[in-house]
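Colleague: Coordinates in coords_14.csv, CSV, C-alpha atoms, are listed below.
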```
chain,number,residue,atom,x,y,z
H,1,MET,CA,7.6,-20.7,4.8
H,2,ASN,CA,7.6,-24.5,5.4
H,3,GLU,CA,4.4,-25.2,7.3
H,4,SER,CA,5.9,-28.1,9.2
H,5,LEU,CA,8.7,-25.9,10.5
H,6,ALA,CA,6.3,-23.1,11.5
H,7,ALA,CA,4.3,-25.7,13.4
H,8,GLY,CA,7.4,-27.1,15.1
H,9,ILE,CA,7.1,-30.5,13.5
H,10,THR,CA,10.5,-32.1,12.8
H,11,PRO,CA,10.6,-33.3,9.2
H,12,GLU,CA,12.1,-36.6,8.1
H,13,PRO,CA,15.7,-36.5,6.8
H,14,SER,CA,16.0,-36.2,3.1
H,15,VAL,CA,18.9,-37.1,0.8
H,16,GLY,CA,17.9,-34.0,-1.1
H,17,TRP,CA,19.8,-31.9,1.5
H,18,THR,CA,23.2,-33.0,0.4
H,19,VAL,CA,22.3,-33.1,-3.2
H,20,ALA,CA,20.8,-29.6,-3.2
H,21,LEU,CA,23.8,-28.0,-1.5
H,22,SER,CA,27.3,-29.4,-1.0
H,23,ALA,CA,29.2,-27.5,1.7
H,24,GLY,CA,30.7,-24.4,0.2
H,25,SER,CA,29.4,-25.0,-3.3
H,26,SER,CA,26.6,-22.5,-3.4
H,27,ALA,CA,25.4,-19.4,-1.7
H,28,LEU,CA,22.4,-19.6,0.7
H,29,ASP,CA,19.1,-18.2,-0.5
H,30,GLY,CA,15.6,-18.4,0.9
H,31,ASP,CA,15.1,-22.0,-0.4
H,32,THR,CA,18.4,-23.4,0.7
H,33,LEU,CA,18.2,-21.7,4.1
H,34,LEU,CA,15.0,-23.7,4.7
H,35,LEU,CA,16.7,-26.9,3.5
H,36,GLY,CA,19.4,-26.2,6.1
H,37,VAL,CA,16.8,-25.5,8.8
H,38,GLU,CA,15.0,-28.8,8.0
H,39,ALA,CA,18.3,-30.7,8.1
H,40,LEU,CA,19.3,-29.2,11.5
H,41,THR,CA,15.9,-29.5,13.2
H,42,ALA,CA,15.8,-33.2,12.1
H,43,THR,CA,19.0,-34.0,14.0
H,44,ASP,CA,19.3,-31.4,16.8
H,45,PRO,CA,16.3,-31.1,19.2
H,46,ASP,CA,17.7,-27.9,20.8
H,47,LEU,CA,17.8,-26.1,17.4
H,48,ALA,CA,14.4,-27.6,16.6
H,49,GLY,CA,13.0,-26.1,19.8
H,50,ILE,CA,14.1,-22.6,18.8
H,51,VAL,CA,12.5,-23.0,15.4
H,52,ALA,CA,9.3,-24.4,16.9
H,53,ARG,CA,9.0,-21.4,19.2
H,54,HIS,CA,10.1,-18.6,16.7
H,55,GLY,CA,9.9,-20.0,13.2
H,56,PRO,CA,12.8,-20.3,10.7
H,57,PRO,CA,15.4,-17.5,10.9
H,58,PRO,CA,15.7,-14.7,8.4
H,59,LEU,CA,18.4,-15.0,5.8
H,60,TRP,CA,20.0,-11.7,6.9
H,61,ALA,CA,21.8,-11.3,3.6
H,62,ARG,CA,24.1,-8.3,2.9
H,63,GLU,CA,25.4,-7.0,-0.4
H,64,PRO,CA,28.9,-8.2,-1.2
H,65,GLY,CA,31.5,-5.5,-1.5
H,66,PHE,CA,33.5,-2.7,0.1
H,67,GLU,CA,30.6,-1.0,1.9
H,68,THR,CA,29.6,-4.2,3.7
H,69,LEU,CA,33.1,-4.7,4.9
H,70,VAL,CA,33.1,-1.1,6.2
H,71,LYS,CA,29.9,-1.8,8.1
H,72,ILE,CA,31.2,-5.0,9.7
H,73,ILE,CA,34.4,-3.3,10.8
H,74,LEU,CA,32.3,-0.5,12.4
H,75,GLU,CA,30.3,-3.3,14.2
H,76,GLN,CA,33.4,-4.7,15.9
H,77,GLN,CA,33.0,-4.8,19.7
H,78,VAL,CA,30.1,-2.4,19.7
H,79,SER,CA,26.3,-2.6,19.6
H,80,LEU,CA,24.6,-2.6,16.2
H,81,GLY,CA,23.0,0.7,17.1
H,82,SER,CA,26.4,2.3,17.8
H,83,ALA,CA,27.7,0.9,14.5
H,84,VAL,CA,24.7,2.4,12.6
H,85,ALA,CA,25.3,5.7,14.2
H,86,ALA,CA,29.0,5.6,13.3
H,87,LEU,CA,28.2,4.8,9.7
H,88,GLY,CA,25.8,7.8,9.6
H,89,ARG,CA,28.5,10.1,10.9
H,90,LEU,CA,30.9,8.7,8.2
H,91,ARG,CA,28.4,9.3,5.5
H,92,ARG,CA,27.8,12.9,6.6
H,93,ALA,CA,31.5,13.5,6.7
H,94,LEU,CA,31.6,12.2,3.1
H,95,GLY,CA,28.7,14.4,2.1
H,96,ILE,CA,26.6,11.4,0.9
H,97,ASP,CA,23.1,10.2,1.8
H,98,ASP,CA,22.0,6.8,2.9
H,99,HIS,CA,21.4,5.7,-0.7
H,100,ALA,CA,24.7,6.8,-2.3
H,101,PRO,CA,27.4,4.1,-2.6
H,102,LEU,CA,30.3,4.2,-0.2
H,103,THR,CA,33.5,3.9,-2.3
H,104,PRO,CA,37.1,3.2,-1.5
H,105,ARG,CA,38.2,6.4,-3.3
H,106,ALA,CA,35.9,8.6,-1.2
H,107,VAL,CA,37.2,7.1,2.0
H,108,ILE,CA,40.8,7.6,1.0
H,109,GLU,CA,40.2,11.2,0.0
H,110,LEU,CA,38.3,11.9,3.3
H,111,GLY,CA,41.3,10.7,5.3
H,112,GLU,CA,41.8,9.5,8.9
H,113,GLU,CA,41.7,12.8,10.6
H,114,ALA,CA,38.4,13.8,9.1
H,115,MET,CA,37.0,10.4,10.1
H,116,ARG,CA,38.2,11.0,13.7
H,117,THR,CA,36.6,14.4,13.6
H,118,ALA,CA,33.4,12.7,12.6
H,119,GLY,CA,33.6,10.6,15.7
H,120,LEU,CA,35.3,7.4,14.6
H,121,THR,CA,38.0,6.0,16.8
H,122,ARG,CA,41.6,6.4,15.7
H,123,GLN,CA,41.8,2.6,15.3
H,124,LYS,CA,38.7,2.2,13.1
H,125,ALA,CA,39.6,5.3,11.0
H,126,ALA,CA,43.0,3.6,10.3
H,127,TYR,CA,41.3,0.3,9.5
H,128,LEU,CA,38.9,1.9,7.0
H,129,THR,CA,41.6,3.9,5.3
H,130,GLY,CA,43.8,0.8,5.0
H,131,LEU,CA,40.9,-1.3,3.7
H,132,ALA,CA,40.0,1.4,1.1
H,133,SER,CA,43.6,1.5,-0.1
H,134,ASP,CA,43.8,-2.3,-0.4
H,135,VAL,CA,40.6,-2.4,-2.4
H,136,GLU,CA,41.4,0.6,-4.6
H,137,THR,CA,44.9,-0.7,-5.5
H,138,GLY,CA,43.6,-4.3,-6.0
H,139,ARG,CA,45.7,-5.7,-3.2
H,140,LEU,CA,42.4,-7.1,-1.9
H,141,ASP,CA,40.3,-8.4,-4.9
H,142,LEU,CA,36.8,-8.8,-3.5
H,143,GLY,CA,35.7,-10.5,-6.8
H,144,ALA,CA,38.4,-13.1,-6.2
H,145,VAL,CA,37.4,-13.5,-2.6
H,146,ALA,CA,33.8,-14.2,-3.7
H,147,ALA,CA,35.1,-17.0,-6.0
H,148,ALA,CA,37.5,-18.6,-3.5
H,149,SER,CA,36.9,-21.4,-1.1
H,150,ASP,CA,35.9,-20.5,2.5
H,151,GLU,CA,39.5,-21.0,3.7
H,152,ASP,CA,41.1,-19.1,1.0
H,153,ALA,CA,38.5,-16.3,1.1
H,154,ARG,CA,39.0,-16.0,4.9
H,155,SER,CA,42.8,-15.9,4.5
H,156,ALA,CA,42.6,-13.2,1.8
H,157,LEU,CA,40.4,-11.0,4.0
H,158,MET,CA,42.6,-11.5,7.0
H,159,THR,CA,45.6,-10.0,5.3
H,160,VAL,CA,43.9,-6.6,5.7
H,161,ALA,CA,44.7,-4.7,9.0
H,162,GLY,CA,41.6,-4.7,11.1
H,163,ILE,CA,40.0,-7.8,9.6
H,164,GLY,CA,40.3,-10.7,12.0
H,165,ARG,CA,38.5,-14.0,11.9
H,166,TRP,CA,35.2,-12.8,13.2
H,167,THR,CA,35.0,-10.0,10.6
H,168,ALA,CA,36.0,-12.3,7.8
H,169,ASP,CA,33.5,-15.0,8.8
H,170,ILE,CA,30.6,-12.5,9.1
H,171,TYR,CA,31.4,-11.3,5.6
H,172,LEU,CA,31.5,-14.9,4.3
H,173,LEU,CA,28.3,-15.8,6.2
H,174,MET,CA,26.2,-12.8,5.4
H,175,ALA,CA,27.6,-11.2,2.2
H,176,LEU,CA,28.8,-14.3,0.4
H,177,GLY,CA,26.1,-16.6,1.8
H,178,ARG,CA,28.5,-19.4,2.6
H,179,PRO,CA,26.4,-22.2,4.3
H,180,ASP,CA,29.1,-23.8,6.5
H,181,VAL,CA,30.8,-20.9,8.2
H,182,TRP,CA,30.8,-20.6,12.0
H,183,PRO,CA,31.9,-17.1,13.2
H,184,ASP,CA,34.3,-17.3,16.1
H,185,GLY,CA,34.2,-14.7,18.8
H,186,ASP,CA,30.5,-13.7,18.5
H,187,LEU,CA,29.2,-13.0,22.0
H,188,ALA,CA,25.5,-13.3,21.0
H,189,LEU,CA,26.1,-16.7,19.5
H,190,ALA,CA,28.1,-17.9,22.5
H,191,THR,CA,25.3,-16.7,24.8
H,192,ALA,CA,22.6,-18.3,22.6
H,193,MET,CA,24.6,-21.6,22.5
H,194,ARG,CA,25.0,-21.7,26.2
H,195,ARG,CA,21.3,-21.4,26.7
H,196,ALA,CA,20.3,-23.8,23.9
H,197,LYS,CA,22.7,-26.5,25.1
H,198,GLY,CA,22.3,-25.9,28.8
H,199,LEU,CA,25.9,-25.1,29.4
H,200,ALA,CA,27.2,-23.8,32.8
H,201,ALA,CA,29.3,-21.0,31.2
H,202,LEU,CA,29.8,-19.3,27.9
H,203,PRO,CA,31.6,-21.7,25.6
H,204,SER,CA,35.1,-20.8,24.4
H,205,CYS,CA,35.8,-20.5,20.7
H,206,GLU,CA,37.2,-24.0,20.7
H,207,GLU,CA,34.1,-25.4,22.5
H,208,GLN,CA,31.8,-23.6,20.1
H,209,ARG,CA,33.7,-25.1,17.1
H,210,SER,CA,33.4,-28.6,18.7
H,211,ILE,CA,29.7,-28.3,19.2
H,212,ALA,CA,29.1,-26.7,15.8
H,213,GLU,CA,30.9,-29.5,14.1
H,214,ALA,CA,27.7,-31.6,14.5
H,215,TRP,CA,26.0,-29.0,12.3
H,216,HIS,CA,28.2,-29.4,9.3
H,217,PRO,CA,27.5,-28.6,6.4
H,218,TRP,CA,25.0,-26.1,7.7
H,219,ARG,CA,26.9,-24.3,10.4
H,220,ALA,CA,26.0,-20.8,9.1
H,221,VAL,CA,22.3,-21.8,9.2
H,222,ALA,CA,22.7,-23.0,12.8
H,223,ALA,CA,24.2,-19.6,13.6
H,224,ARG,CA,21.2,-17.9,12.2
H,225,ILE,CA,18.9,-20.1,14.2
H,226,LEU,CA,20.8,-19.2,17.4
H,227,TRP,CA,20.8,-15.5,16.6
H,228,HIS,CA,17.1,-15.8,15.9
H,229,GLY,CA,16.4,-17.2,19.3
H,230,TYR,CA,18.7,-14.7,21.0
H,231,LEU,CA,17.0,-11.7,19.3
H,232,ALA,CA,13.6,-13.2,20.4
H,233,GLY,CA,14.8,-13.0,24.0
H,234,GLU,CA,16.3,-16.4,24.6
H,235,ARG,CA,19.4,-15.4,26.4
```
Give the structure from the file, written as structure tokens.

Modeller:
Amino acid sequence: MNESLAAGITPEPSVGWTVALSAGSSALDGDTLLLGVEALTATDPDLAGIVARHGPPPLWAREPGFETLVKIILEQQVSLGSAVAALGRLRRALGIDDHAPLTPRAVIELGEEAMRTAGLTRQKAAYLTGLASDVETGRLDLGAVAAASDEDARSALMTVAGIGRWTADIYLLMALGRPDVWPDGDLALATAMRRAKGLAALPSCEEQRSIAEAWHPWRAVAARILWHGYLAGER
């Protein structure tokens, strides 16, 4: 942990930030996350305040692949607790434990009706079956997605039924570690942004993008800082 950040001291800007990580050129890791935090706290006092109070945010990295996309789809429009419970029911229906891989073939063979019997909604059962089919047949090549630019990766993911911009961006941000992705439509981020920036109301997606433009090329790091404050009770 950078001691100056932990103490709430704003570091001086460094040309190393842009040299170390050009936007979209590399995945975030623990070191580049701290570079991004340093860059943002040097230029944005509201984000600096959150870091001063709570320290740098976690990386919150997820493993790239089919299973993570399944988890993000299950997280759509529900609490994380509800999504974890839904994943557990799905695993039990598949007859696998928490440590076994969740594969497209297994989901296809289980089928929508069995998923609905396990407690998934009709819509999410259909989304997971479609995703599994697209990955199994190669229509969605997750290896190619990982190698693509942010825009092309987002577009490829959004060809799948049930994957909108929020789901695609959360995958880019957490599974692929893209440093400059801002996830539209995240209520927790909108709430955290309203508090941090002293806004009268929740910002629209357009307003969020406008504010987040100042955080380029570290928008995904800014999102983590705001989530960090939100989870610490700053709402």

Colleague: I'd like the neighbourhood of Glu67 (chain H) as a ChimeraX atom specification, where a residue qualifies if any of its atoms comes within 8 Å (using all atoms listed in the file), though same-chain residues fewer than 2 positions away should be ignored.

Modeller: /H:65,69-71,101-103

Colleague: With C-alpha atoms retained, write the just-selected residues as a PDB file, in the frame of the given file.

Modeller:
```pdb
ATOM      1  CA  GLY H  65      31.500  -5.500  -1.500  1.00  0.00           C
ATOM      2  CA  LEU H  69      33.100  -4.700   4.900  1.00  0.00           C
ATOM      3  CA  VAL H  70      33.100  -1.100   6.200  1.00  0.00           C
ATOM      4  CA  LYS H  71      29.900  -1.800   8.100  1.00  0.00           C
ATOM      5  CA  PRO H 101      27.400   4.100  -2.600  1.00  0.00           C
ATOM      6  CA  LEU H 102      30.300   4.200  -0.200  1.00  0.00           C
ATOM      7  CA  THR H 103      33.500   3.900  -2.300  1.00  0.00           C
TER       8      THR H 103
END
```

Colleague: Report as a Markdown table the residues of region 133-226 of chain H within 12 Å of region 74-91 of chain H, each with its shortest atom pair and distance in Å (one decimal), using all atoms listed in the file, ordered by chain and increasing residue number.

Modeller:
```
| residue | atom | partner | partner_atom | distance |
| --- | --- | --- | --- | --- |
| H:Gly162 | CA | H:Gln76 | CA | 9.5 |
| H:Ile163 | CA | H:Gln76 | CA | 9.6 |
| H:Gly164 | CA | H:Gln76 | CA | 9.9 |
| H:Arg165 | CA | H:Gln76 | CA | 11.3 |
| H:Trp166 | CA | H:Gln76 | CA | 8.7 |
| H:Thr167 | CA | H:Gln76 | CA | 7.7 |
| H:Ala168 | CA | H:Gln76 | CA | 11.4 |
| H:Ile170 | CA | H:Glu75 | CA | 10.5 |
| H:Tyr171 | CA | H:Glu75 | CA | 11.8 |
| H:Gly185 | CA | H:Gln77 | CA | 10.0 |
| H:Asp186 | CA | H:Gln77 | CA | 9.3 |
| H:Leu187 | CA | H:Gln77 | CA | 9.3 |
| H:Ala188 | CA | H:Ser79 | CA | 10.8 |
```

Colleague: Mind giving me the straight-line distance from CA of Asp98 (chain H) to CA of Tyr127 (chain H) in Å, one decimal?

Modeller: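 Between these atoms lies a distance of 21.4 Å.
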
Colleague: Between CA of Ser210 (chain H) and CA of Ser149 (chain H), what is the distance, to one decimal in Å?

Modeller: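 Atom-to-atom, CA of Ser210 (chain H) to CA of Ser149 (chain H), that is 21.4 Å.
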
Colleague: Measuring between only C-alpha atoms, which one of H:Val145, H:Ala132, H:Leu110, H:Leu47 shows the shortest distance to Ala212 (chain H)?

Modeller: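 Of H:Val145, H:Ala132, H:Leu110, H:Leu47, the one nearest Ala212 (chain H), counting only C-alpha atoms, is H:Leu47.
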
Colleague: Suppose you want the space between CA of Met174 (chain H) and CA of Arg62 (chain H); what is it in Å?

Modeller: 5.6 Å

Colleague: Can you pull out every residue within 12 Å of Ala192 (chain H), counting only C-alpha atoms, but drop anything in the same chain fewer than 6 positions away, and send it as a list in words?

Modeller: Asp46, Leu47, Ile50, Asp186, Gly198, Leu199, Ala201, Leu202, Pro203, Gln208, Ala222, Ala223, Arg224, Ile225, Leu226, Trp227, His228, Gly229, Tyr230, Leu231, Ala232, Gly233, Glu234 and Arg235 of chain H

Colleague: Need the shell around Thr137 (chain H): protein/DNA/RNA residues with any atom at most 12 Å away, counting all atoms listed in the file. Skip same-chain ones fewer than 4 positions apart. Format as an NGL selection string?

Modeller: :H and (104-105 or 108 or 130-133 or 141-142)

Colleague: Give the answer as one residue: which of H:Leu157, H:Ala48, H:Ala146, H:Ala175 has the shortest atom-to-atom distance to Ala196 (chain H), using only C-alpha atoms?

Modeller: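 The closest residue to Ala196 (chain H) is H:Ala48.
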